[in-house]
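This is final-v6.pdb (PDB, C-alpha atoms).
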MODEL        1
ATOM      1  CA  MET H   1      13.288 -14.972 -25.904
ATOM      2  CA  PRO H   2      10.629 -14.992 -23.131
ATOM      3  CA  TRP H   3      10.842 -13.122 -19.855
ATOM      4  CA  ASP H   4      12.586 -14.961 -17.019
ATOM      5  CA  VAL H   5      10.733 -14.177 -13.791
ATOM      6  CA  ARG H   6      12.006 -15.678 -10.561
ATOM      7  CA  PHE H   7      10.487 -15.544  -7.105
ATOM      8  CA  GLN H   8      12.489 -15.840  -3.895
ATOM      9  CA  GLN H   9      11.438 -13.403  -1.168
ATOM     10  CA  GLY H  10      10.810 -10.885  -3.930
ATOM     11  CA  ILE H  11      10.706 -10.904  -7.717
ATOM     12  CA  HIS H  12      13.987 -11.192  -9.630
ATOM     13  CA  LEU H  13      14.370 -10.246 -13.300
ATOM     14  CA  PRO H  14      17.863 -11.542 -14.179
ATOM     15  CA  GLN H  15      17.585 -10.342 -17.795
ATOM     16  CA  VAL H  16      17.563  -6.714 -16.634
ATOM     17  CA  GLY H  17      19.520  -7.144 -13.398
ATOM     18  CA  TRP H  18      16.881  -5.917 -10.933
ATOM     19  CA  TRP H  19      15.063  -7.320  -7.927
ATOM     20  CA  LEU H  20      11.536  -6.014  -7.267
ATOM     21  CA  ASP H  21      10.459  -5.430  -3.648
ATOM     22  CA  ALA H  22      12.998  -7.942  -2.353
ATOM     23  CA  GLN H  23      12.569  -8.708   1.341
ATOM     24  CA  ARG H  24      16.266  -9.503   1.855
ATOM     25  CA  ALA H  25      19.222  -7.245   1.094
ATOM     26  CA  ARG H  26      20.138  -7.407  -2.612
ATOM     27  CA  PRO H  27      22.762  -5.669  -4.757
ATOM     28  CA  ARG H  28      20.056  -3.624  -6.518
ATOM     29  CA  ALA H  29      16.314  -3.500  -6.012
ATOM     30  CA  PHE H  30      13.299  -1.508  -7.102
ATOM     31  CA  VAL H  31      11.333  -0.435  -4.022
ATOM     32  CA  SER H  32       7.694   0.179  -4.886
ATOM     33  CA  HIS H  33       6.870   1.906  -1.586
ATOM     34  CA  ALA H  34       8.188   2.231   1.949
ATOM     35  CA  HIS H  35       6.048  -0.258   3.882
ATOM     36  CA  SER H  36       8.287  -2.484   5.997
ATOM     37  CA  ASP H  37       7.444  -5.693   4.106
ATOM     38  CA  HIS H  38       8.716  -4.142   0.850
ATOM     39  CA  VAL H  39      12.057  -2.731   1.978
ATOM     40  CA  ALA H  40      15.443  -4.112   3.000
ATOM     41  CA  PRO H  41      18.992  -2.707   3.346
ATOM     42  CA  HIS H  42      19.857  -3.020  -0.348
ATOM     43  CA  ARG H  43      23.130  -1.732  -1.739
ATOM     44  CA  GLU H  44      21.353   0.177  -4.529
ATOM     45  CA  ILE H  45      17.687   1.106  -4.911
ATOM     46  CA  LEU H  46      15.430   2.487  -7.613
ATOM     47  CA  ALA H  47      12.425   4.408  -6.276
ATOM     48  CA  THR H  48      10.459   7.634  -6.381
ATOM     49  CA  ARG H  49      11.660  10.655  -4.407
ATOM     50  CA  GLU H  50       8.939  10.122  -1.801
ATOM     51  CA  THR H  51       9.676   6.424  -1.313
ATOM     52  CA  ALA H  52      13.422   7.023  -1.033
ATOM     53  CA  SER H  53      12.842   9.733   1.572
ATOM     54  CA  LEU H  54      10.393   7.665   3.626
ATOM     55  CA  MET H  55      12.712   4.667   3.392
ATOM     56  CA  ARG H  56      15.512   6.705   4.999
ATOM     57  CA  LEU H  57      13.297   7.034   8.079
ATOM     58  CA  ARG H  58      12.676   3.283   8.256
ATOM     59  CA  VAL H  59      15.876   1.535   7.137
ATOM     60  CA  GLY H  60      19.293   2.360   8.529
ATOM     61  CA  GLY H  61      22.574   2.427   6.666
ATOM     62  CA  ARG H  62      23.662   4.089   3.447
ATOM     63  CA  ARG H  63      22.727   3.072  -0.073
ATOM     64  CA  GLN H  64      22.999   4.289  -3.616
ATOM     65  CA  GLU H  65      19.720   5.818  -4.753
ATOM     66  CA  THR H  66      18.408   6.215  -8.290
ATOM     67  CA  VAL H  67      15.366   8.464  -7.933
ATOM     68  CA  LEU H  68      12.875   8.720 -10.794
ATOM     69  CA  ASP H  69       9.885  10.943 -11.438
ATOM     70  CA  TYR H  70       6.769   9.247 -12.736
ATOM     71  CA  ASP H  71       6.667   8.414 -16.461
ATOM     72  CA  THR H  72      10.282   9.494 -16.981
ATOM     73  CA  PRO H  73      12.359   7.104 -19.125
ATOM     74  CA  TRP H  74      15.578   5.839 -17.583
ATOM     75  CA  GLN H  75      18.108   3.791 -19.494
ATOM     76  CA  SER H  76      19.385   1.084 -17.177
ATOM     77  CA  ASP H  77      22.156  -1.298 -18.116
ATOM     78  CA  PHE H  78      21.336  -4.666 -19.708
ATOM     79  CA  GLY H  79      19.842  -2.620 -22.577
ATOM     80  CA  CYS H  80      16.505  -1.857 -20.937
ATOM     81  CA  GLU H  81      14.329   1.223 -20.408
ATOM     82  CA  VAL H  82      12.538   1.662 -17.080
ATOM     83  CA  ARG H  83       9.637   3.952 -16.232
ATOM     84  CA  LEU H  84       7.779   4.306 -12.946
ATOM     85  CA  TYR H  85       4.019   4.909 -12.780
ATOM     86  CA  PRO H  86       1.910   5.908  -9.752
ATOM     87  CA  ALA H  87       0.367   2.922  -7.974
ATOM     88  CA  GLY H  88      -2.174   4.800  -5.830
ATOM     89  CA  HIS H  89      -1.255   2.725  -2.754
ATOM     90  CA  ILE H  90       0.477   5.294  -0.526
ATOM     91  CA  PHE H  91       2.375   8.533  -1.153
ATOM     92  CA  GLY H  92       5.130   7.900  -3.707
ATOM     93  CA  SER H  93       4.149   4.284  -4.420
ATOM     94  CA  ALA H  94       5.077   3.169  -7.924
ATOM     95  CA  MET H  95       4.686   0.468 -10.545
ATOM     96  CA  PHE H  96       7.790  -0.748 -12.414
ATOM     97  CA  HIS H  97       7.515  -0.831 -16.227
ATOM     98  CA  VAL H  98      10.465  -2.196 -18.192
ATOM     99  CA  THR H  99      11.059  -2.471 -21.929
ATOM    100  CA  ALA H 100      13.770  -4.904 -23.012
ATOM    101  CA  GLU H 101      14.483  -7.583 -25.606
ATOM    102  CA  PRO H 102      11.720  -9.938 -24.332
ATOM    103  CA  GLY H 103       9.132  -7.127 -24.643
ATOM    104  CA  THR H 104       7.361  -5.069 -21.980
ATOM    105  CA  LEU H 105       6.664  -6.059 -18.373
ATOM    106  CA  LEU H 106       4.719  -4.282 -15.630
ATOM    107  CA  TYR H 107       5.109  -5.053 -11.934
ATOM    108  CA  THR H 108       2.414  -3.347  -9.878
ATOM    109  CA  GLY H 109       3.573  -3.777  -6.309
ATOM    110  CA  ASP H 110       0.639  -2.920  -4.031
ATOM    111  CA  PHE H 111      -1.834  -0.689  -5.841
ATOM    112  CA  LYS H 112      -5.229   0.954  -5.581
ATOM    113  CA  LEU H 113      -7.290   2.221  -8.520
ATOM    114  CA  ARG H 114      -9.918   4.211  -6.623
ATOM    115  CA  PRO H 115      -8.694   7.710  -5.707
ATOM    116  CA  SER H 116      -6.938   8.163  -2.374
ATOM    117  CA  LEU H 117      -6.706  11.348  -0.336
ATOM    118  CA  ALA H 118      -3.097  10.512   0.548
ATOM    119  CA  ALA H 119      -1.585   9.084  -2.661
ATOM    120  CA  GLU H 120      -1.148   9.984  -6.302
ATOM    121  CA  PRO H 121      -3.838   8.629  -8.698
ATOM    122  CA  CYS H 122      -2.954   5.217 -10.100
ATOM    123  CA  ALA H 123      -1.943   5.132 -13.784
ATOM    124  CA  ALA H 124      -1.198   1.683 -15.210
ATOM    125  CA  PRO H 125       0.344   1.444 -18.710
ATOM    126  CA  ARG H 126      -0.030  -1.461 -21.127
ATOM    127  CA  ALA H 127       2.434  -4.352 -21.030
ATOM    128  CA  ASP H 128       2.950  -7.803 -22.526
ATOM    129  CA  VAL H 129       3.476  -9.416 -19.125
ATOM    130  CA  LEU H 130       1.814  -8.288 -15.895
ATOM    131  CA  ILE H 131       2.940  -9.216 -12.378
ATOM    132  CA  MET H 132       0.215  -7.979 -10.020
ATOM    133  CA  GLU H 133      -0.594  -8.109  -6.336
ATOM    134  CA  THR H 134      -3.941  -9.745  -5.557
ATOM    135  CA  THR H 135      -4.547  -9.163  -1.848
ATOM    136  CA  PHE H 136      -8.344  -9.059  -2.216
ATOM    137  CA  GLY H 137      -8.593 -11.507  -5.111
ATOM    138  CA  LEU H 138     -11.984 -13.039  -4.241
ATOM    139  CA  PRO H 139     -15.374 -11.840  -5.576
ATOM    140  CA  ARG H 140     -16.684 -11.115  -2.086
ATOM    141  CA  TYR H 141     -14.256  -8.221  -1.655
ATOM    142  CA  VAL H 142     -16.181  -5.322  -3.154
ATOM    143  CA  PHE H 143     -15.616  -2.169  -1.127
ATOM    144  CA  PRO H 144     -18.415   0.353  -0.577
ATOM    145  CA  PRO H 145     -18.124   3.745  -2.277
ATOM    146  CA  ALA H 146     -15.381   5.886  -0.756
ATOM    147  CA  GLU H 147     -17.873   8.630   0.131
ATOM    148  CA  GLU H 148     -19.879   6.163   2.217
ATOM    149  CA  ILE H 149     -16.811   4.922   4.111
ATOM    150  CA  GLU H 150     -15.622   8.462   4.810
ATOM    151  CA  ARG H 151     -19.087   9.560   5.958
ATOM    152  CA  ASP H 152     -19.357   6.622   8.364
ATOM    153  CA  LEU H 153     -15.875   7.238   9.776
ATOM    154  CA  VAL H 154     -16.616  10.885  10.475
ATOM    155  CA  ALA H 155     -20.002  10.028  11.993
ATOM    156  CA  PHE H 156     -18.341   7.485  14.308
ATOM    157  CA  CYS H 157     -15.855  10.094  15.522
ATOM    158  CA  ARG H 158     -18.444  12.839  15.918
ATOM    159  CA  GLN H 159     -20.739  10.574  17.950
ATOM    160  CA  ALA H 160     -17.902   9.469  20.228
ATOM    161  CA  LEU H 161     -16.899  13.061  20.901
ATOM    162  CA  ALA H 162     -20.532  14.030  21.514
ATOM    163  CA  ASP H 163     -20.765  11.196  24.043
ATOM    164  CA  GLY H 164     -17.701  12.486  25.874
ATOM    165  CA  VAL H 165     -15.389   9.620  24.873
ATOM    166  CA  THR H 166     -12.199   9.648  22.789
ATOM    167  CA  PRO H 167     -12.455   8.053  19.340
ATOM    168  CA  VAL H 168      -9.344   5.969  18.623
ATOM    169  CA  LEU H 169      -8.753   4.886  15.028
ATOM    170  CA  PHE H 170      -6.304   2.034  14.498
ATOM    171  CA  ALA H 171      -4.346   2.110  11.249
ATOM    172  CA  TYR H 172      -0.823   1.564   9.962
ATOM    173  CA  SER H 173       1.417   4.553  10.611
ATOM    174  CA  LEU H 174       2.469   4.885   6.964
ATOM    175  CA  GLY H 175      -0.254   5.463   4.401
ATOM    176  CA  LYS H 176      -3.469   4.697   6.259
ATOM    177  CA  THR H 177      -2.769   7.151   9.091
ATOM    178  CA  GLN H 178      -2.361   9.979   6.601
ATOM    179  CA  GLU H 179      -5.529   9.027   4.715
ATOM    180  CA  LEU H 180      -7.509   8.965   7.959
ATOM    181  CA  LEU H 181      -6.050  12.351   8.876
ATOM    182  CA  GLN H 182      -7.302  13.726   5.555
ATOM    183  CA  ILE H 183     -10.778  12.303   6.122
ATOM    184  CA  VAL H 184     -11.407  13.405   9.707
ATOM    185  CA  GLY H 185      -9.257  16.533   9.541
ATOM    186  CA  ARG H 186     -11.114  17.869   6.519
ATOM    187  CA  ALA H 187     -14.318  17.337   8.475
ATOM    188  CA  GLY H 188     -13.016  19.838  11.013
ATOM    189  CA  LEU H 189     -12.170  17.381  13.793
ATOM    190  CA  PRO H 190      -8.972  17.891  15.839
ATOM    191  CA  VAL H 191      -6.497  15.032  15.423
ATOM    192  CA  MET H 192      -3.635  13.624  17.488
ATOM    193  CA  LEU H 193      -1.206  11.082  16.057
ATOM    194  CA  GLN H 194       0.846   8.426  17.839
ATOM    195  CA  ALA H 195       4.591   9.126  17.692
ATOM    196  CA  GLN H 196       5.521   6.972  14.678
ATOM    197  CA  GLY H 197       2.556   8.175  12.653
ATOM    198  CA  TYR H 198       3.368  11.747  13.649
ATOM    199  CA  LYS H 199       6.959  11.423  12.410
ATOM    200  CA  LEU H 200       5.918   9.929   9.081
ATOM    201  CA  THR H 201       3.123  12.476   8.618
ATOM    202  CA  ARG H 202       5.583  15.300   9.128
ATOM    203  CA  ARG H 203       7.723  13.779   6.385
ATOM    204  CA  TYR H 204       4.637  13.723   4.116
ATOM    205  CA  ALA H 205       4.255  17.458   4.733
ATOM    206  CA  GLU H 206       7.964  18.074   4.062
ATOM    207  CA  LEU H 207       7.594  16.218   0.763
ATOM    208  CA  GLY H 208       4.803  18.559  -0.292
ATOM    209  CA  MET H 209       1.498  16.907   0.629
ATOM    210  CA  GLU H 210      -1.123  19.336   1.916
ATOM    211  CA  LEU H 211      -2.590  18.017   5.163
ATOM    212  CA  PRO H 212      -5.074  19.209   7.802
ATOM    213  CA  SER H 213      -3.574  20.292  11.098
ATOM    214  CA  PHE H 214      -2.443  17.556  13.488
ATOM    215  CA  SER H 215      -0.509  17.255  16.720
ATOM    216  CA  LEU H 216       1.530  14.690  18.605
ATOM    217  CA  PHE H 217      -0.459  12.501  20.987
ATOM    218  CA  ASP H 218      -0.495  13.933  24.508
ATOM    219  CA  GLU H 219      -1.826  11.647  27.228
ATOM    220  CA  ARG H 220      -2.782  14.656  29.333
ATOM    221  CA  ALA H 221      -4.655  16.547  26.610
ATOM    222  CA  HIS H 222      -6.175  13.975  24.275
ATOM    223  CA  ALA H 223      -9.771  14.600  25.348
ATOM    224  CA  GLY H 224     -11.783  16.167  22.550
ATOM    225  CA  HIS H 225      -9.456  14.806  19.841
ATOM    226  CA  VAL H 226      -9.563  11.956  17.383
ATOM    227  CA  VAL H 227      -6.542   9.745  18.114
ATOM    228  CA  ILE H 228      -4.948   7.763  15.263
ATOM    229  CA  SER H 229      -2.579   4.977  16.267
ATOM    230  CA  PRO H 230      -1.067   1.779  14.856
ATOM    231  CA  PRO H 231      -2.928  -1.355  15.964
ATOM    232  CA  MET H 232      -1.974  -2.388  19.474
ATOM    233  CA  PRO H 233      -2.342  -6.130  20.257
ATOM    234  CA  GLY H 234      -4.803  -6.532  23.096
ATOM    235  CA  HIS H 235      -5.057  -2.753  23.399
ATOM    236  CA  ASN H 236      -2.392  -2.875  26.069
ATOM    237  CA  PRO H 237      -0.218   0.160  26.934
ATOM    238  CA  PRO H 238       0.440   2.787  25.681
ATOM    239  CA  LEU H 239      -3.282   3.274  24.944
ATOM    240  CA  SER H 240      -4.661   1.908  28.221
ATOM    241  CA  TRP H 241      -4.512   5.409  29.709
ATOM    242  CA  ILE H 242      -7.106   6.659  27.214
ATOM    243  CA  HIS H 243     -10.348   6.335  29.154
ATOM    244  CA  PRO H 244     -13.092   6.415  28.209
ATOM    245  CA  LYS H 245     -12.498   5.558  24.561
ATOM    246  CA  ARG H 246     -14.318   4.095  21.554
ATOM    247  CA  THR H 247     -12.162   2.215  19.075
ATOM    248  CA  ALA H 248     -12.330   1.410  15.373
ATOM    249  CA  VAL H 249     -10.001  -0.213  12.875
ATOM    250  CA  ALA H 250      -9.615   0.897   9.249
ATOM    251  CA  THR H 251      -8.842  -2.086   7.007
ATOM    252  CA  GLY H 252     -10.115  -3.798   3.884
ATOM    253  CA  TRP H 253     -10.534  -6.940   5.989
ATOM    254  CA  ALA H 254     -13.485  -5.208   7.636
ATOM    255  CA  MET H 255     -15.482  -6.812   4.794
ATOM    256  CA  ASP H 256     -15.107 -10.151   6.587
ATOM    257  CA  SER H 257     -17.689 -11.101   9.194
ATOM    258  CA  GLY H 258     -16.454 -10.858  12.754
ATOM    259  CA  ALA H 259     -13.878  -8.170  11.953
ATOM    260  CA  THR H 260     -14.664  -6.113  15.050
ATOM    261  CA  TYR H 261     -14.251  -9.191  17.260
ATOM    262  CA  ARG H 262     -10.928 -10.204  15.684
ATOM    263  CA  HIS H 263      -9.518  -6.708  16.010
ATOM    264  CA  GLY H 264     -10.964  -6.134  19.473
ATOM    265  CA  CYS H 265     -12.657  -2.899  18.403
ATOM    266  CA  ASP H 266     -16.073  -1.305  18.635
ATOM    267  CA  ALA H 267     -16.256  -0.791  14.857
ATOM    268  CA  ALA H 268     -14.435  -1.706  11.637
ATOM    269  CA  PHE H 269     -14.427   0.366   8.454
ATOM    270  CA  PRO H 270     -13.407  -1.085   5.049
ATOM    271  CA  LEU H 271     -10.933   1.674   4.182
ATOM    272  CA  SER H 272      -8.175  -0.025   2.205
ATOM    273  CA  ASP H 273      -5.074   1.073   0.316
ATOM    274  CA  HIS H 274      -5.384  -1.993  -1.944
ATOM    275  CA  ALA H 275      -7.597  -2.689  -4.950
ATOM    276  CA  ASP H 276     -10.788  -4.644  -4.384
ATOM    277  CA  PHE H 277     -11.861  -7.513  -6.663
ATOM    278  CA  PRO H 278     -13.550  -5.380  -9.374
ATOM    279  CA  ASP H 279     -10.515  -3.106  -9.577
ATOM    280  CA  LEU H 280      -8.160  -6.074  -9.874
ATOM    281  CA  LEU H 281     -10.138  -7.098 -12.939
ATOM    282  CA  ARG H 282     -10.176  -3.535 -14.229
ATOM    283  CA  LEU H 283      -6.403  -3.270 -13.994
ATOM    284  CA  VAL H 284      -5.993  -6.351 -16.193
ATOM    285  CA  GLU H 285      -8.344  -4.765 -18.719
ATOM    286  CA  GLN H 286      -6.278  -1.576 -18.712
ATOM    287  CA  VAL H 287      -2.891  -3.287 -19.077
ATOM    288  CA  GLN H 288      -4.111  -5.825 -21.687
ATOM    289  CA  PRO H 289      -1.306  -8.349 -21.024
ATOM    290  CA  ARG H 290      -0.862 -11.620 -22.876
ATOM    291  CA  LEU H 291       0.276 -13.251 -19.611
ATOM    292  CA  VAL H 292      -0.457 -12.463 -15.951
ATOM    293  CA  PHE H 293       1.306 -13.570 -12.788
ATOM    294  CA  THR H 294      -0.492 -13.049  -9.478
ATOM    295  CA  LEU H 295       1.195 -12.473  -6.154
ATOM    296  CA  HIS H 296       0.083 -12.228  -2.496
ATOM    297  CA  GLY H 297      -3.344 -12.667  -0.960
ATOM    298  CA  PHE H 298      -5.707 -14.804  -3.027
ATOM    299  CA  ALA H 299      -3.249 -15.194  -5.887
ATOM    300  CA  ARG H 300      -4.229 -18.725  -6.866
ATOM    301  CA  GLU H 301      -7.952 -17.976  -6.847
ATOM    302  CA  PHE H 302      -7.611 -14.768  -8.842
ATOM    303  CA  ALA H 303      -5.394 -16.453 -11.439
ATOM    304  CA  ALA H 304      -8.096 -19.106 -11.859
ATOM    305  CA  THR H 305     -10.680 -16.322 -12.311
ATOM    306  CA  LEU H 306      -8.592 -14.787 -15.079
ATOM    307  CA  ARG H 307      -8.114 -18.135 -16.842
ATOM    308  CA  ALA H 308     -11.887 -18.638 -16.774
ATOM    309  CA  ARG H 309     -12.138 -15.291 -18.545
ATOM    310  CA  GLY H 310      -9.696 -16.352 -21.238
ATOM    311  CA  VAL H 311      -6.553 -14.703 -19.839
ATOM    312  CA  GLU H 312      -3.469 -16.858 -19.282
ATOM    313  CA  ALA H 313      -2.647 -16.369 -15.609
ATOM    314  CA  TRP H 314      -0.671 -18.217 -12.947
ATOM    315  CA  ALA H 315       0.028 -17.669  -9.265
ATOM    316  CA  ILE H 316       3.624 -17.412  -8.170
ATOM    317  CA  GLY H 317       5.255 -17.540  -4.775
ATOM    318  CA  GLN H 318       3.077 -20.322  -3.403
ATOM    319  CA  ASN H 319       3.708 -23.927  -2.431
ATOM    320  CA  ASN H 320       7.460 -23.340  -2.100
ATOM    321  CA  GLN H 321       7.626 -22.304  -5.747
ATOM    322  CA  LEU H 322      11.031 -20.642  -6.046
ATOM    323  CA  GLU H 323      11.511 -20.093  -9.762
ATOM    324  CA  LEU H 324       9.399 -19.803 -12.876
ATOM    325  CA  SER H 325      10.563 -19.067 -16.422
ATOM    326  CA  ILE H 326       8.055 -17.561 -18.813
TER
ENDMDL
END
Take the structure from the file and write it as structure tokens.
Amino acid sequence: MPWDVRFQQGIHLPQVGWWLDAQRARPRAFVSHAHSDHVAPHREILATRETASLMRLRVGGRRQETVLDYDTPWQSDFGCEVRLYPAGHIFGSAMFHVTAEPGTLLYTGDFKLRPSLAAEPCAAPRADVLIMETTFGLPRYVFPPAEEIERDLVAFCRQALADGVTPVLFAYSLGKTQELLQIVGRAGLPVMLQAQGYKLTRRYAELGMELPSFSLFDERAHAGHVVISPPMPGHNPPLSWIHPKRTAVATGWAMDSGATYRHGCDAAFPLSDHADFPDLLRLVEQVQPRLVFTLHGFAREFAATLRARGVEAWAIGQNNQLELSI
């Protein structure tokens, strides 16, 4: 009997009774990480300790939680065994590996193979069927070495401070903010965080991550600090009171031409918490699946790349495709 994989605002595996990263409330769902586009007020969740804790800060209400350590077998109902593996995306992010009558299946969620300063190292097991995210699924997305990106970020901040202006780094409050804090904080630069990033970073520290010192953004005392904030459309308040300032955005989309113009910043650095194109290919090599389903980003293009390499692969979740049996 083949796996039955269905897509409808999240992946559904009816043979084992679980939804994966469902975007609407479901009876039971695996939550790969706590970014807002991967969580919903489910009745029951399966997640790592870190994801469950971060989710409590972001989603109201009460829910039943099954919390798993990495690579720890858990016998779910429907006669299946589930294990979670680190995805390398943000702190506590996980891949979902299930063994059941149809065989083995791995769902990656968002992942990153190159080491991160603010996430556990990715560890992908083998599986018969692979469902993978493909955000940067085109050959042009090859990120520079991490050391180069980090060096350029620190140099940008040091130069701004030397010029008497405040460097402002725009990044998502969960995941990217903490990685930027590690990069510039380890370089000895003082850091202030916008309120939401500050709250989530404190939770990182409570969960056991070692971090450089940081403080809550203070409009009266920000001079001489690196400020990290979520992107603000048009750079309107609350950041308009930072003057003078020099701004940069940290995103994998910085690889595209015109990134600084689109983001309205002085600079753009390709710091991403997703895998680039070579690492997408490398993950498939590690998992060695007989069948691959691609999801998000350039899913159709990456599936075509895999087929050209002799791997059966198909994009799901596009063109109003609601269900696919495999």
Kindly assemble as a tab-separated table a list of the segment 139-236 of chain H residues that lie within 12 Å of segment 299-313 of chain H, each paired with its nearest atom pair and their distance in Å to one decimal, using only C-alpha atoms, sorted first by chain and then by ascending residue number.
residue	atom	partner	partner_atom	distance
H:Pro139	CA	H:Phe302	CA	8.9
H:Arg140	CA	H:Phe302	CA	11.9
H:Tyr141	CA	H:Phe302	CA	11.8
Check which residues of segment 177-213 of chain H sit at most 12 Å from segment 165-172 of chain H using all atoms listed in the file, and return one row each with the closest pair of atoms and their distance in Å to one decimal, ordered by chain and rising number, as a tab-separated table.
residue	atom	partner	partner_atom	distance
H:Thr177	CA	H:Ala171	CA	5.7
H:Gln178	CA	H:Tyr172	CA	9.2
H:Glu179	CA	H:Ala171	CA	9.6
H:Leu180	CA	H:Ala171	CA	8.2
H:Leu181	CA	H:Leu169	CA	10.0
H:Ile183	CA	H:Leu169	CA	11.8
H:Val184	CA	H:Leu169	CA	10.4
H:Leu189	CA	H:Pro167	CA	10.9
H:Pro190	CA	H:Pro167	CA	11.0
H:Val191	CA	H:Pro167	CA	10.0
H:Met192	CA	H:Val168	CA	9.6
H:Leu193	CA	H:Leu169	CA	9.8
H:Gln194	CA	H:Phe170	CA	10.2
H:Gln196	CA	H:Tyr172	CA	9.6
H:Gly197	CA	H:Tyr172	CA	7.9
H:Tyr198	CA	H:Tyr172	CA	11.6
H:Leu200	CA	H:Tyr172	CA	10.8
H:Thr201	CA	H:Tyr172	CA	11.7
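Residue nearest Asp273 of chain H within the list H:Thr251, H:Gln8, H:Thr108, H:Thr294: H:Thr251 [criterion: smallest interatomic distance, all atoms listed in the file].
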Notebook entry, point to check: Neighbours of Gly92 of chain H within 8 Å (all atoms listed in the file; same-chain residues fewer than 4 positions away dropped), as a PyMOL selection string?
Noted result: chain H and resi 33+48-51+86+119-120
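By all atoms listed in the file, and with residues fewer than 3 positions from Gly10 of chain H along its chain excluded, the set lying at most 8 Å from it is Phe7, Trp19, Leu20, Asp21, Ala22 and Gln23 of chain H.
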Next item on the list: Name the residues in contact with Trp253 of chain H at a cut-off of 9 Å, using only C-alpha atoms, excluding same-chain residues fewer than 6 positions from it; report them as a list in words.
Entry: Phe136, Tyr141, Ala259, Ala268, Phe269, Pro270, Leu271 and Ser272 of chain H
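Nearest-residue note for Gln64 of chain H: choosing from H:Ile149, H:Leu216, H:Ile45, H:Cys80, the minimum distance belongs to H:Ile45, counting only C-alpha atoms.
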Padding 8 Å on each side, edges along x, y and z: where is the centre of the box around the listed atoms of segment 67-80 of chain H, and how long are its edges in Å to one decimal? Output it as AutoDock Vina command-line options.
--center_x 14.4 --center_y 3.1 --center_z -15.3 --size_x 31.5 --size_y 31.6 --size_z 30.6
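Between atom CA of Gly17 of chain H and atom CA of Asp128 of chain H lies a distance of 18.9 Å.
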Check: Given the file above and the PyMOL selection byres ((chain H and resi 126) around 10), which residues are selected, and can you give them as a PyMOL selection string?
Finding: chain H and resi 97+104-106+124-125+127-130+283-289
Margin query: Around the point (14.5, -6.0, -27.5) (coordinates from the file), which residues reach within 12 Å if we count only C-alpha atoms? Answer as a PyMOL selection string.
Written below: chain H and resi 1-3+15-16+78-81+98-104
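Interatomic distance, atom CA of Pro27 of chain H to atom CA of Arg43 of chain H: 5.0 Å.
Picked by the PyMOL selection byres ((chain H and resi 39) around 8) from the coordinates shown: Asp21, Ala22, Gln23, Arg24, Val31, His33, Ala34, His35, Ser36, Asp37, His38, Ala40, Pro41, Met55 and Val59 of chain H.
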Next item on the list: With the file shown as input, list the residues that the PyMOL selection byres ((chain H and resi 224) around 7) selects, as a PyMOL selection string.
Entry: chain H and resi 161+166+222-223+225
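With distances restricted to all atoms listed in the file, H:Glu133 is the closest residue to Ile316 of chain H from H:Asp77, H:Asp276, H:Glu133, H:Glu148.
Candidate residues H:Val226, H:Met255, H:Ala52, H:Ile90 were compared for distance to Pro121 of chain H, and the nearest is H:Ile90, using all atoms listed in the file.
Reported to one decimal place, the separation of atom CA of Ala87 of chain H from atom CA of Arg262 of chain H is 29.3 Å.
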N, CA and C atoms are needed for segment 42-52 of chain H; please write them out as a compact mmCIF listing (two decimals), keeping the file's coordinate frame.
# COMPACT_ATOMS: atom_id res chain seq x y z
N HIS H 42 19.21 -2.72 0.93
CA HIS H 42 19.86 -3.02 -0.35
C HIS H 42 21.08 -2.11 -0.56
N ARG H 43 21.97 -2.55 -1.41
CA ARG H 43 23.13 -1.73 -1.74
C ARG H 43 22.75 -0.58 -2.67
N GLU H 44 21.81 -0.83 -3.58
CA GLU H 44 21.35 0.18 -4.53
C GLU H 44 19.85 0.03 -4.69
N ILE H 45 19.13 1.17 -4.72
CA ILE H 45 17.69 1.11 -4.91
C ILE H 45 17.27 2.02 -6.06
N LEU H 46 16.13 1.66 -6.64
CA LEU H 46 15.43 2.49 -7.61
C LEU H 46 14.06 2.78 -7.03
N ALA H 47 13.68 4.05 -6.94
CA ALA H 47 12.42 4.41 -6.28
C ALA H 47 12.06 5.84 -6.64
N THR H 48 10.85 6.24 -6.26
CA THR H 48 10.46 7.63 -6.38
C THR H 48 11.13 8.45 -5.27
N ARG H 49 11.09 9.77 -5.43
CA ARG H 49 11.66 10.66 -4.41
C ARG H 49 10.99 10.43 -3.06
N GLU H 50 9.66 10.29 -3.05
CA GLU H 50 8.94 10.12 -1.80
C GLU H 50 9.29 8.81 -1.12
N THR H 51 9.35 7.72 -1.90
CA THR H 51 9.68 6.42 -1.31
C THR H 51 11.09 6.41 -0.77
N ALA H 52 12.04 6.98 -1.51
CA ALA H 52 13.42 7.02 -1.03
C ALA H 52 13.52 7.80 0.27
